[in-house]
$ cat input.cif   # mmCIF, C-alpha atoms and all ligand atoms
data_coords
#
loop_
_atom_site.group_PDB
_atom_site.id
_atom_site.type_symbol
_atom_site.label_atom_id
_atom_site.label_comp_id
_atom_site.auth_asym_id
_atom_site.auth_seq_id
_atom_site.Cartn_x
_atom_site.Cartn_y
_atom_site.Cartn_z
ATOM 1 C CA MET A 1019 -13.121 -2.758 31.741
ATOM 2 C CA ILE A 1020 -13.655 -1.495 28.237
ATOM 3 C CA LYS A 1021 -10.712 -0.257 26.279
ATOM 4 C CA VAL A 1022 -9.893 0.761 22.762
ATOM 5 C CA LYS A 1023 -7.145 -1.599 21.761
ATOM 6 C CA ASP A 1024 -6.517 -0.286 18.279
ATOM 7 C CA ALA A 1025 -7.917 2.140 15.729
ATOM 8 C CA PHE A 1026 -7.044 2.989 12.174
ATOM 9 C CA PHE A 1027 -8.277 5.070 9.265
ATOM 10 C CA VAL A 1028 -10.208 3.068 6.664
ATOM 11 C CA LYS A 1029 -11.303 5.503 3.972
ATOM 12 C CA SER A 1030 -12.934 8.788 3.039
ATOM 13 C CA ALA A 1031 -16.099 8.861 0.999
ATOM 14 C CA SER A 1032 -17.943 11.712 -0.656
ATOM 15 C CA SER A 1033 -21.117 9.745 -1.265
ATOM 16 C CA LEU A 1034 -22.989 6.646 -0.152
ATOM 17 C CA GLU A 1035 -21.657 4.815 -3.201
ATOM 18 C CA GLU A 1036 -18.077 5.334 -2.021
ATOM 19 C CA THR A 1037 -18.607 4.099 1.526
ATOM 20 C CA THR A 1038 -17.305 0.813 2.910
ATOM 21 C CA PRO A 1039 -19.544 -2.267 2.559
ATOM 22 C CA GLU A 1040 -22.392 -2.515 5.058
ATOM 23 C CA GLY A 1041 -21.651 -4.790 7.995
ATOM 24 C CA ILE A 1042 -19.650 -3.572 10.971
ATOM 25 C CA SER A 1043 -21.742 -1.550 13.439
ATOM 26 C CA GLU A 1044 -21.219 2.166 13.018
ATOM 27 C CA VAL A 1045 -21.111 5.113 15.373
ATOM 28 C CA ALA A 1046 -21.780 8.286 13.393
ATOM 29 C CA PHE A 1047 -20.479 11.547 14.883
ATOM 30 C CA ILE A 1048 -22.588 14.500 13.883
ATOM 31 C CA GLY A 1049 -22.377 18.143 14.849
ATOM 32 C CA ARG A 1050 -21.543 21.665 13.742
ATOM 33 C CA SER A 1051 -18.207 22.474 12.167
ATOM 34 C CA ASN A 1052 -15.633 23.010 14.903
ATOM 35 C CA VAL A 1053 -17.687 21.373 17.672
ATOM 36 C CA GLY A 1054 -14.869 18.874 18.249
ATOM 37 C CA LYS A 1055 -15.861 15.802 16.231
ATOM 38 C CA SER A 1056 -12.363 14.920 15.115
ATOM 39 C CA SER A 1057 -10.872 15.703 18.517
ATOM 40 C CA ILE A 1058 -13.263 13.419 20.382
ATOM 41 C CA ILE A 1059 -12.564 10.532 17.991
ATOM 42 C CA ASN A 1060 -8.870 11.028 18.654
ATOM 43 C CA ALA A 1061 -9.507 11.169 22.414
ATOM 44 C CA PHE A 1062 -11.649 8.023 22.378
ATOM 45 C CA THR A 1063 -9.038 6.099 20.431
ATOM 46 C CA ASN A 1064 -6.033 7.664 22.139
ATOM 47 C CA LYS A 1065 -4.529 8.512 18.780
ATOM 48 C CA LYS A 1066 -3.758 12.182 18.359
ATOM 49 C CA GLY A 1067 -3.607 12.433 14.584
ATOM 50 C CA LEU A 1068 -6.177 9.793 13.660
ATOM 51 C CA ALA A 1069 -9.050 12.055 12.672
ATOM 52 C CA LYS A 1070 -7.502 15.155 11.188
ATOM 53 C CA SER A 1071 -8.492 18.215 13.137
ATOM 54 C CA SER A 1072 -9.682 21.407 11.485
ATOM 55 C CA SER A 1073 -6.241 22.115 10.031
ATOM 56 C CA THR A 1074 -7.168 20.049 6.951
ATOM 57 C CA PRO A 1075 -10.441 21.536 5.737
ATOM 58 C CA GLY A 1076 -10.672 19.255 2.683
ATOM 59 C CA LYS A 1077 -11.070 16.151 4.786
ATOM 60 C CA THR A 1078 -13.885 17.650 6.788
ATOM 61 C CA ARG A 1079 -16.117 17.635 3.707
ATOM 62 C CA LEU A 1080 -15.847 13.882 3.441
ATOM 63 C CA ILE A 1081 -17.347 11.028 5.390
ATOM 64 C CA ASN A 1082 -14.320 9.547 7.143
ATOM 65 C CA PHE A 1083 -14.361 5.935 8.351
ATOM 66 C CA PHE A 1084 -12.246 4.573 11.200
ATOM 67 C CA ASN A 1085 -12.050 1.011 12.342
ATOM 68 C CA VAL A 1086 -11.991 0.720 16.127
ATOM 69 C CA LEU A 1087 -11.185 -2.406 18.094
ATOM 70 C CA PHE A 1088 -12.672 -2.521 21.589
ATOM 71 C CA THR A 1089 -11.694 -5.045 24.215
ATOM 72 C CA GLN A 1090 -13.676 -6.117 27.243
ATOM 73 C CA GLU A 1091 -11.786 -8.689 29.265
ATOM 74 C CA ASP A 1092 -10.820 -11.329 26.692
ATOM 75 C CA LYS A 1093 -13.433 -10.352 24.126
ATOM 76 C CA THR A 1094 -12.866 -8.030 21.190
ATOM 77 C CA PHE A 1095 -15.469 -5.937 19.407
ATOM 78 C CA ASN A 1096 -15.048 -4.355 16.016
ATOM 79 C CA VAL A 1097 -16.801 -1.032 15.425
ATOM 80 C CA GLN A 1098 -16.608 1.675 12.790
ATOM 81 C CA PHE A 1099 -16.447 5.313 13.888
ATOM 82 C CA VAL A 1100 -17.638 7.753 11.248
ATOM 83 C CA ASP A 1101 -16.564 11.386 11.266
ATOM 84 C CA LEU A 1102 -19.276 13.236 9.343
ATOM 85 C CA PRO A 1103 -18.904 16.601 7.629
ATOM 86 C CA GLY A 1104 -19.954 19.401 9.967
ATOM 87 C CA PHE A 1105 -23.042 21.361 9.278
ATOM 88 C CA GLY A 1106 -22.833 25.139 9.328
ATOM 89 C CA TYR A 1107 -20.603 27.699 7.790
ATOM 90 C CA ALA A 1108 -18.676 26.037 5.001
ATOM 91 C CA ARG A 1109 -17.162 28.593 2.674
ATOM 92 C CA VAL A 1110 -18.309 27.112 -0.601
ATOM 93 C CA SER A 1111 -20.850 27.824 -3.280
ATOM 94 C CA ARG A 1112 -24.488 27.152 -2.627
ATOM 95 C CA SER A 1113 -24.758 24.376 -5.194
ATOM 96 C CA MET A 1114 -21.718 22.597 -3.763
ATOM 97 C CA LYS A 1115 -23.128 22.917 -0.263
ATOM 98 C CA GLU A 1116 -26.383 21.417 -1.425
ATOM 99 C CA GLU A 1117 -24.597 18.483 -2.979
ATOM 100 C CA TRP A 1118 -22.692 17.716 0.246
ATOM 101 C CA GLN A 1119 -25.877 18.093 2.166
ATOM 102 C CA ARG A 1120 -27.536 15.571 -0.122
ATOM 103 C CA ASN A 1121 -24.691 13.105 0.218
ATOM 104 C CA LEU A 1122 -24.618 13.480 3.984
ATOM 105 C CA THR A 1123 -28.385 13.121 4.273
ATOM 106 C CA ARG A 1124 -28.360 10.013 2.099
ATOM 107 C CA TYR A 1125 -25.690 8.413 4.274
ATOM 108 C CA ILE A 1126 -27.574 9.243 7.484
ATOM 109 C CA GLU A 1127 -30.924 8.037 6.194
ATOM 110 C CA LYS A 1128 -29.942 5.022 4.119
ATOM 111 C CA ARG A 1129 -26.933 3.517 5.837
ATOM 112 C CA VAL A 1130 -28.062 0.280 7.465
ATOM 113 C CA SER A 1131 -24.945 -0.211 9.625
ATOM 114 C CA ILE A 1132 -25.430 2.912 11.766
ATOM 115 C CA ARG A 1133 -26.305 1.896 15.329
ATOM 116 C CA VAL A 1134 -25.539 5.043 17.274
ATOM 117 C CA PHE A 1135 -25.707 8.707 16.325
ATOM 118 C CA VAL A 1136 -23.434 10.702 18.582
ATOM 119 C CA HIS A 1137 -24.722 14.260 18.417
ATOM 120 C CA LEU A 1138 -22.002 16.600 19.599
ATOM 121 C CA ILE A 1139 -23.011 19.950 21.045
ATOM 122 C CA ASP A 1140 -20.638 22.741 22.045
ATOM 123 C CA SER A 1141 -21.240 23.057 25.786
ATOM 124 C CA ARG A 1142 -20.656 26.805 25.568
ATOM 125 C CA HIS A 1143 -23.705 27.094 23.284
ATOM 126 C CA PRO A 1144 -26.035 24.347 24.498
ATOM 127 C CA PHE A 1145 -29.300 25.707 23.099
ATOM 128 C CA LEU A 1146 -28.634 26.530 19.460
ATOM 129 C CA GLU A 1147 -31.516 26.212 17.072
ATOM 130 C CA SER A 1148 -29.383 24.256 14.609
ATOM 131 C CA ASP A 1149 -28.677 21.593 17.260
ATOM 132 C CA HIS A 1150 -32.313 21.474 18.184
ATOM 133 C CA ASP A 1151 -33.108 20.912 14.500
ATOM 134 C CA VAL A 1152 -30.534 18.141 14.201
ATOM 135 C CA HIS A 1153 -31.894 16.362 17.245
ATOM 136 C CA ALA A 1154 -35.463 16.594 15.932
ATOM 137 C CA TYR A 1155 -34.303 15.370 12.532
ATOM 138 C CA LEU A 1156 -32.524 12.353 14.060
ATOM 139 C CA GLU A 1157 -35.436 11.556 16.365
ATOM 140 C CA LYS A 1158 -37.693 11.452 13.350
ATOM 141 C CA LEU A 1159 -35.559 9.187 11.207
ATOM 142 C CA ILE A 1160 -34.059 6.673 13.640
ATOM 143 C CA ARG A 1161 -35.059 3.044 13.352
ATOM 144 C CA PRO A 1162 -35.819 0.871 16.397
ATOM 145 C CA ASP A 1163 -32.252 -0.532 16.283
ATOM 146 C CA GLN A 1164 -30.659 2.920 16.392
ATOM 147 C CA LYS A 1165 -29.928 5.283 19.273
ATOM 148 C CA ILE A 1166 -28.997 8.917 19.742
ATOM 149 C CA LEU A 1167 -26.417 10.000 22.291
ATOM 150 C CA ARG A 1168 -25.914 13.690 23.064
ATOM 151 C CA ILE A 1169 -22.433 14.651 24.150
ATOM 152 C CA PHE A 1170 -21.495 18.182 25.205
ATOM 153 C CA THR A 1171 -17.956 19.061 24.127
ATOM 154 C CA LYS A 1172 -15.264 21.448 25.378
ATOM 155 C CA SER A 1173 -16.376 21.207 29.006
ATOM 156 C CA ASP A 1174 -12.966 22.569 30.077
ATOM 157 C CA LYS A 1175 -14.238 25.969 28.905
ATOM 158 C CA LEU A 1176 -17.180 25.980 31.338
ATOM 159 C CA LYS A 1177 -17.713 27.559 34.708
ATOM 160 C CA GLN A 1178 -19.525 25.488 37.320
ATOM 161 C CA SER A 1179 -22.628 27.638 36.843
ATOM 162 C CA ASP A 1180 -22.661 26.783 33.099
ATOM 163 C CA VAL A 1181 -22.445 23.093 34.003
ATOM 164 C CA SER A 1182 -25.446 23.486 36.306
ATOM 165 C CA VAL A 1183 -27.527 25.057 33.558
ATOM 166 C CA ILE A 1184 -26.773 22.190 31.176
ATOM 167 C CA LYS A 1185 -27.458 19.563 33.846
ATOM 168 C CA LYS A 1186 -30.740 21.216 34.673
ATOM 169 C CA HIS A 1187 -31.970 21.051 31.079
ATOM 170 C CA TYR A 1188 -30.334 17.717 30.260
ATOM 171 C CA PRO A 1189 -30.161 15.704 33.505
ATOM 172 C CA ASP A 1190 -28.231 12.853 31.869
ATOM 173 C CA ALA A 1191 -25.880 15.126 29.957
ATOM 174 C CA LEU A 1192 -22.475 13.724 29.179
ATOM 175 C CA LEU A 1193 -19.974 16.563 29.488
ATOM 176 C CA VAL A 1194 -16.655 15.846 27.869
ATOM 177 C CA SER A 1195 -13.349 17.554 27.234
ATOM 178 C CA SER A 1196 -11.024 16.198 24.608
ATOM 179 C CA SER A 1197 -8.367 18.573 25.928
ATOM 180 C CA ASN A 1198 -8.170 17.380 29.523
ATOM 181 C CA LYS A 1199 -9.880 14.010 28.856
ATOM 182 C CA LYS A 1200 -12.554 14.545 31.511
ATOM 183 C CA GLY A 1201 -15.668 12.518 30.748
ATOM 184 C CA ILE A 1202 -14.025 10.619 27.903
ATOM 185 C CA ASP A 1203 -14.117 7.189 29.584
ATOM 186 C CA LYS A 1204 -17.710 7.636 30.686
ATOM 187 C CA ALA A 1205 -18.816 8.686 27.205
ATOM 188 C CA LEU A 1206 -16.960 5.768 25.627
ATOM 189 C CA HIS A 1207 -18.737 3.385 28.010
ATOM 190 C CA ALA A 1208 -22.079 4.936 27.110
ATOM 191 C CA ILE A 1209 -21.411 4.342 23.414
ATOM 192 C CA PHE A 1210 -20.267 0.782 24.074
ATOM 193 C CA GLU A 1211 -23.376 0.099 26.122
ATOM 194 C CA MET A 1212 -25.611 1.386 23.350
ATOM 195 C CA LEU A 1213 -23.857 -0.881 20.886
ATOM 196 C CA PHE A 1214 -23.516 -4.069 22.877
ATOM 197 C CA GLY A 1215 -25.836 -3.761 25.850
ATOM 198 C CA VAL A 1216 -25.169 -3.570 29.551
ATOM 199 C CA GLU A 1217 -21.716 -4.378 30.788
ATOM 200 C CA ASN A 1218 -20.923 -5.566 34.267
ATOM 201 C CA ASP A 1219 -17.919 -3.492 35.141
HETATM 202 N N1 LIG B 1301 -10.737 23.740 24.747
HETATM 203 C C1 LIG B 1301 -11.080 22.716 23.963
HETATM 204 N N2 LIG B 1301 -10.895 22.812 22.626
HETATM 205 C C2 LIG B 1301 -11.270 21.760 21.860
HETATM 206 C C3 LIG B 1301 -11.829 20.579 22.422
HETATM 207 N N3 LIG B 1301 -12.112 19.724 21.412
HETATM 208 C C4 LIG B 1301 -11.740 20.346 20.273
HETATM 209 N N4 LIG B 1301 -11.233 21.574 20.527
HETATM 210 C C5 LIG B 1301 -10.696 22.546 19.549
HETATM 211 O O1 LIG B 1301 -11.767 22.976 18.693
HETATM 212 C C6 LIG B 1301 -11.334 23.106 17.352
HETATM 213 C C7 LIG B 1301 -12.167 22.217 16.444
HETATM 214 O O2 LIG B 1301 -11.955 20.862 16.782
HETATM 215 P P1 LIG B 1301 -12.205 19.695 15.721
HETATM 216 O O3 LIG B 1301 -12.058 18.417 16.448
HETATM 217 O O4 LIG B 1301 -11.352 19.886 14.507
HETATM 218 O O5 LIG B 1301 -13.729 19.972 15.342
HETATM 219 P P2 LIG B 1301 -14.593 19.364 14.140
HETATM 220 O O6 LIG B 1301 -14.638 20.409 13.076
HETATM 221 O O7 LIG B 1301 -15.964 19.143 14.724
HETATM 222 O O8 LIG B 1301 -13.954 18.086 13.695
HETATM 223 C C8 LIG B 1301 -9.847 22.742 17.356
HETATM 224 O O9 LIG B 1301 -9.091 23.919 17.430
HETATM 225 C C9 LIG B 1301 -9.695 21.919 18.622
HETATM 226 O O10 LIG B 1301 -8.394 21.988 19.164
HETATM 227 C C10 LIG B 1301 -11.976 20.512 23.856
HETATM 228 O O11 LIG B 1301 -12.456 19.543 24.463
HETATM 229 N N5 LIG B 1301 -11.589 21.614 24.563
HETATM 230 MG MG MG B 1302 -13.279 17.445 11.872
#
$ encode --input "input.cif" --output "structure tokens"
Amino acid sequence: MIKVKDAFFVKSASSLEETTPEGISEVAFIGRSNVGKSSIINAFTNKKGLAKSSSTPGKTRLINFFNVLFTQEDKTFNVQFVDLPGFGYARVSRSMKEEWQRNLTRYIEKRVSIRVFVHLIDSRHPFLESDHDVHAYLEKLIRPDQKILRIFTKSDKLKQSDVSVIKKHYPDALLVSSSNKKGIDKALHAIFEMLFGVEND
């Protein structure tokens, strides 16, 4: 059994220079603004206010680091969850947007500690061009020691027919709701497996 034993906020960074030292394996959460990045981090860690939800827009422009302690039987595993700024409609000037974009891109491309990219997709809009672009971008840049995991959020909003469409296009799709917690355990296991290999549960 894998569990999150503890989780806490470490720091916010606006650039690669401000990030924590390289070392602990990182899980980077990437996706459009409002897709549910902060909510899923809170659901995974069972801490409601850990990653601030959209009510604090300032924080969503920063790269936010969280230390997460997993336990499996008597073993503990230390991981860093990283809540990345959302791409898409930020109401700021073009030059400011470009600077964030640069900082975000530098983190994604240069950060050695990233092991897993969790690409969150709103399950109500599973085929957006911007998500397709992000996936292609990640596919192109990942190193052999990195993996991409697609997770479809807000599954509580779907009808069964919507679920079928997603499953047809993405047979291994992980459908998750941070509201009713469906799929959360399975997705957490998938992340853990990508980080530390197969578990015998
Ligand atoms: N119905 C539903 N709403 C969700 C879910 N996850 C997040 N939300 C809502 O979507 C909005 C954006 O969530 P947030 O986690 O802040 O998204 P972020 O911008 O990607 O960090 C908030 O109003 C959340 O309450 C979910 O699983 N189901
Ligand atoms: Mg957020």
$ closest_residue --input "input.cif" --among "A:Leu1146, A:Val1130, A:Ile1081, A:Ala1069" --to "ligand MG 1302 (chain B)" --atoms "only C-alpha atoms and all ligand atoms"
A:Ala1069
$ atom_distance --input "input.cif" --atom1 "CA of Phe1099 in chain A" --atom2 "CA of His1187 in chain A"
28.0 Å
$ residues_near_point --input "input.cif" --point "(-29.0, 21.3, 16.3)" --cutoff "12 Å" --atoms "only C-alpha atoms" --output "ChimeraX atom specification"
/A:1048-1051,1053,1104-1106,1137-1140,1143-1157,1168
$ residues_around --input "input.cif" --residues "range 1094-1098 of chain A" --least-positions-apart "6" --cutoff "10 Å" --atoms "all atoms listed in the file" --output "ChimeraX atom specification"
/A:1020-1028,1038,1041-1046,1082-1088,1131-1133,1210,1213-1214
$ write_last_selection --input "input.cif" --atoms "C-alpha atoms" --output "CSV table (one decimal), keeping the file's coordinate frame"
chain,number,residue,atom,x,y,z
A,1020,ILE,CA,-13.7,-1.5,28.2
A,1021,LYS,CA,-10.7,-0.3,26.3
A,1022,VAL,CA,-9.9,0.8,22.8
A,1023,LYS,CA,-7.1,-1.6,21.8
A,1024,ASP,CA,-6.5,-0.3,18.3
A,1025,ALA,CA,-7.9,2.1,15.7
A,1026,PHE,CA,-7.0,3.0,12.2
A,1027,PHE,CA,-8.3,5.1,9.3
A,1028,VAL,CA,-10.2,3.1,6.7
A,1038,THR,CA,-17.3,0.8,2.9
A,1041,GLY,CA,-21.7,-4.8,8.0
A,1042,ILE,CA,-19.6,-3.6,11.0
A,1043,SER,CA,-21.7,-1.6,13.4
A,1044,GLU,CA,-21.2,2.2,13.0
A,1045,VAL,CA,-21.1,5.1,15.4
A,1046,ALA,CA,-21.8,8.3,13.4
A,1082,ASN,CA,-14.3,9.5,7.1
A,1083,PHE,CA,-14.4,5.9,8.4
A,1084,PHE,CA,-12.2,4.6,11.2
A,1085,ASN,CA,-12.0,1.0,12.3
A,1086,VAL,CA,-12.0,0.7,16.1
A,1087,LEU,CA,-11.2,-2.4,18.1
A,1088,PHE,CA,-12.7,-2.5,21.6
A,1131,SER,CA,-24.9,-0.2,9.6
A,1132,ILE,CA,-25.4,2.9,11.8
A,1133,ARG,CA,-26.3,1.9,15.3
A,1210,PHE,CA,-20.3,0.8,24.1
A,1213,LEU,CA,-23.9,-0.9,20.9
A,1214,PHE,CA,-23.5,-4.1,22.9
$ closest_residue --input "input.cif" --among "A:Ala1031, A:Ile1059, A:Glu1036, A:Arg1124" --to "Arg1079 in chain A" --atoms "only C-alpha atoms"
A:Ala1031
$ closest_residue --input "input.cif" --among "A:Ser1197, A:Lys1158, A:Ile1202, A:Leu1192" --to "Lys1175 in chain A" --atoms "all atoms listed in the file"
A:Ser1197
$ residues_near_ligand --input "input.cif" --ligand "ligand LIG 1301 (chain B)" --cutoff "6 Å" --atoms "only C-alpha atoms and all ligand atoms" --output "list in words"
Ser1051, Asn1052, Val1053, Gly1054, Lys1055, Ser1056, Ser1057, Ser1071, Ser1072, Thr1171, Lys1172, Asp1174, Lys1175, Ser1195, Ser1196 and Ser1197 of chain A
$ closest_residue --input "input.cif" --among "A:Ile1126, A:Lys1177, A:Lys1186, A:Arg1142" --to "Ile1160 in chain A" --atoms "all atoms listed in the file"
A:Ile1126
$ atom_distance --input "input.cif" --atom1 "atom MG of ligand MG 1302 (chain B)" --atom2 "CA of Leu1159 in chain A"
23.8 Å
$ closest_residue --input "input.cif" --among "A:Lys1070, A:Lys1128, A:Lys1029, A:Arg1120" --to "ligand MG 1302 (chain B)" --atoms "only C-alpha atoms and all ligand atoms"
A:Lys1070
$ atom_distance --input "input.cif" --atom1 "CA of Arg1161 in chain A" --atom2 "CA of Met1212 in chain A"
13.9 Å
$ closest_residue --input "input.cif" --among "A:Ser1179, A:Thr1037, A:Pro1189, A:Asn1060" --to "Leu1122 in chain A" --atoms "only C-alpha atoms"
A:Thr1037
$ residues_around --input "input.cif" --residues "Phe1047 in chain A" --least-positions-apart "4" --cutoff "7 Å" --atoms "all atoms listed in the file" --output "list in words"
Lys1055, Val1100, Asp1101, Leu1102, Phe1135, Val1136 and His1137 of chain A
$ decode --input "input.cif" --residues "range 1020-1074 of chain A" --atoms "C-alpha atoms" --output "PDB file, in the first residue's frame"
ATOM      1  CA  ILE A1020       1.287   3.389  -1.008  1.00  0.00           C
ATOM      2  CA  LYS A1021       0.289   6.388   1.000  1.00  0.00           C
ATOM      3  CA  VAL A1022       1.202  10.016   1.293  1.00  0.00           C
ATOM      4  CA  LYS A1023       2.323  10.374   4.862  1.00  0.00           C
ATOM      5  CA  ASP A1024       3.084  14.071   4.844  1.00  0.00           C
ATOM      6  CA  ALA A1025       3.358  17.029   2.493  1.00  0.00           C
ATOM      7  CA  PHE A1026       4.390  20.617   2.917  1.00  0.00           C
ATOM      8  CA  PHE A1027       5.045  23.742   0.888  1.00  0.00           C
ATOM      9  CA  VAL A1028       8.739  24.390   0.228  1.00  0.00           C
ATOM     10  CA  LYS A1029       8.961  27.548  -1.857  1.00  0.00           C
ATOM     11  CA  SER A1030       7.806  29.540  -4.860  1.00  0.00           C
ATOM     12  CA  ALA A1031      10.206  30.442  -7.619  1.00  0.00           C
ATOM     13  CA  SER A1032       9.855  32.758 -10.582  1.00  0.00           C
ATOM     14  CA  SER A1033      12.916  31.456 -12.385  1.00  0.00           C
ATOM     15  CA  LEU A1034      15.281  28.501 -12.535  1.00  0.00           C
ATOM     16  CA  GLU A1035      17.760  30.451 -10.418  1.00  0.00           C
ATOM     17  CA  GLU A1036      15.248  30.662  -7.569  1.00  0.00           C
ATOM     18  CA  THR A1037      14.355  26.976  -7.504  1.00  0.00           C
ATOM     19  CA  THR A1038      15.394  24.526  -4.796  1.00  0.00           C
ATOM     20  CA  PRO A1039      18.721  22.696  -5.246  1.00  0.00           C
ATOM     21  CA  GLU A1040      18.666  19.769  -7.665  1.00  0.00           C
ATOM     22  CA  GLY A1041      18.338  16.397  -5.972  1.00  0.00           C
ATOM     23  CA  ILE A1042      14.965  15.065  -4.878  1.00  0.00           C
ATOM     24  CA  SER A1043      12.990  13.495  -7.740  1.00  0.00           C
ATOM     25  CA  GLU A1044      10.349  15.837  -9.082  1.00  0.00           C
ATOM     26  CA  VAL A1045       6.868  15.393 -10.470  1.00  0.00           C
ATOM     27  CA  ALA A1046       5.985  18.442 -12.557  1.00  0.00           C
ATOM     28  CA  PHE A1047       2.274  19.179 -13.038  1.00  0.00           C
ATOM     29  CA  ILE A1048       1.591  20.935 -16.296  1.00  0.00           C
ATOM     30  CA  GLY A1049      -1.650  22.014 -17.904  1.00  0.00           C
ATOM     31  CA  ARG A1050      -3.895  24.906 -18.865  1.00  0.00           C
ATOM     32  CA  SER A1051      -4.963  27.476 -16.312  1.00  0.00           C
ATOM     33  CA  ASN A1052      -7.948  26.150 -14.382  1.00  0.00           C
ATOM     34  CA  VAL A1053      -7.487  22.511 -15.436  1.00  0.00           C
ATOM     35  CA  GLY A1054      -7.183  21.515 -11.771  1.00  0.00           C
ATOM     36  CA  LYS A1055      -3.437  21.389 -11.102  1.00  0.00           C
ATOM     37  CA  SER A1056      -3.619  22.776  -7.594  1.00  0.00           C
ATOM     38  CA  SER A1057      -6.711  20.743  -6.743  1.00  0.00           C
ATOM     39  CA  ILE A1058      -5.137  17.440  -7.758  1.00  0.00           C
ATOM     40  CA  ILE A1059      -2.011  18.153  -5.694  1.00  0.00           C
ATOM     41  CA  ASN A1060      -4.263  18.809  -2.723  1.00  0.00           C
ATOM     42  CA  ALA A1061      -6.217  15.608  -3.425  1.00  0.00           C
ATOM     43  CA  PHE A1062      -3.061  13.510  -3.765  1.00  0.00           C
ATOM     44  CA  THR A1063      -1.662  14.832  -0.509  1.00  0.00           C
ATOM     45  CA  ASN A1064      -4.984  14.983   1.320  1.00  0.00           C
ATOM     46  CA  LYS A1065      -4.321  18.572   2.290  1.00  0.00           C
ATOM     47  CA  LYS A1066      -7.031  20.955   1.187  1.00  0.00           C
ATOM     48  CA  GLY A1067      -5.149  24.239   1.275  1.00  0.00           C
ATOM     49  CA  LEU A1068      -1.678  23.016   0.333  1.00  0.00           C
ATOM     50  CA  ALA A1069      -1.558  24.220  -3.256  1.00  0.00           C
ATOM     51  CA  LYS A1070      -3.582  27.398  -3.382  1.00  0.00           C
ATOM     52  CA  SER A1071      -6.463  27.061  -5.775  1.00  0.00           C
ATOM     53  CA  SER A1072      -7.329  29.714  -8.333  1.00  0.00           C
ATOM     54  CA  SER A1073      -8.436  32.160  -5.642  1.00  0.00           C
ATOM     55  CA  THR A1074      -4.841  33.432  -5.383  1.00  0.00           C
TER      56      THR A1074
END
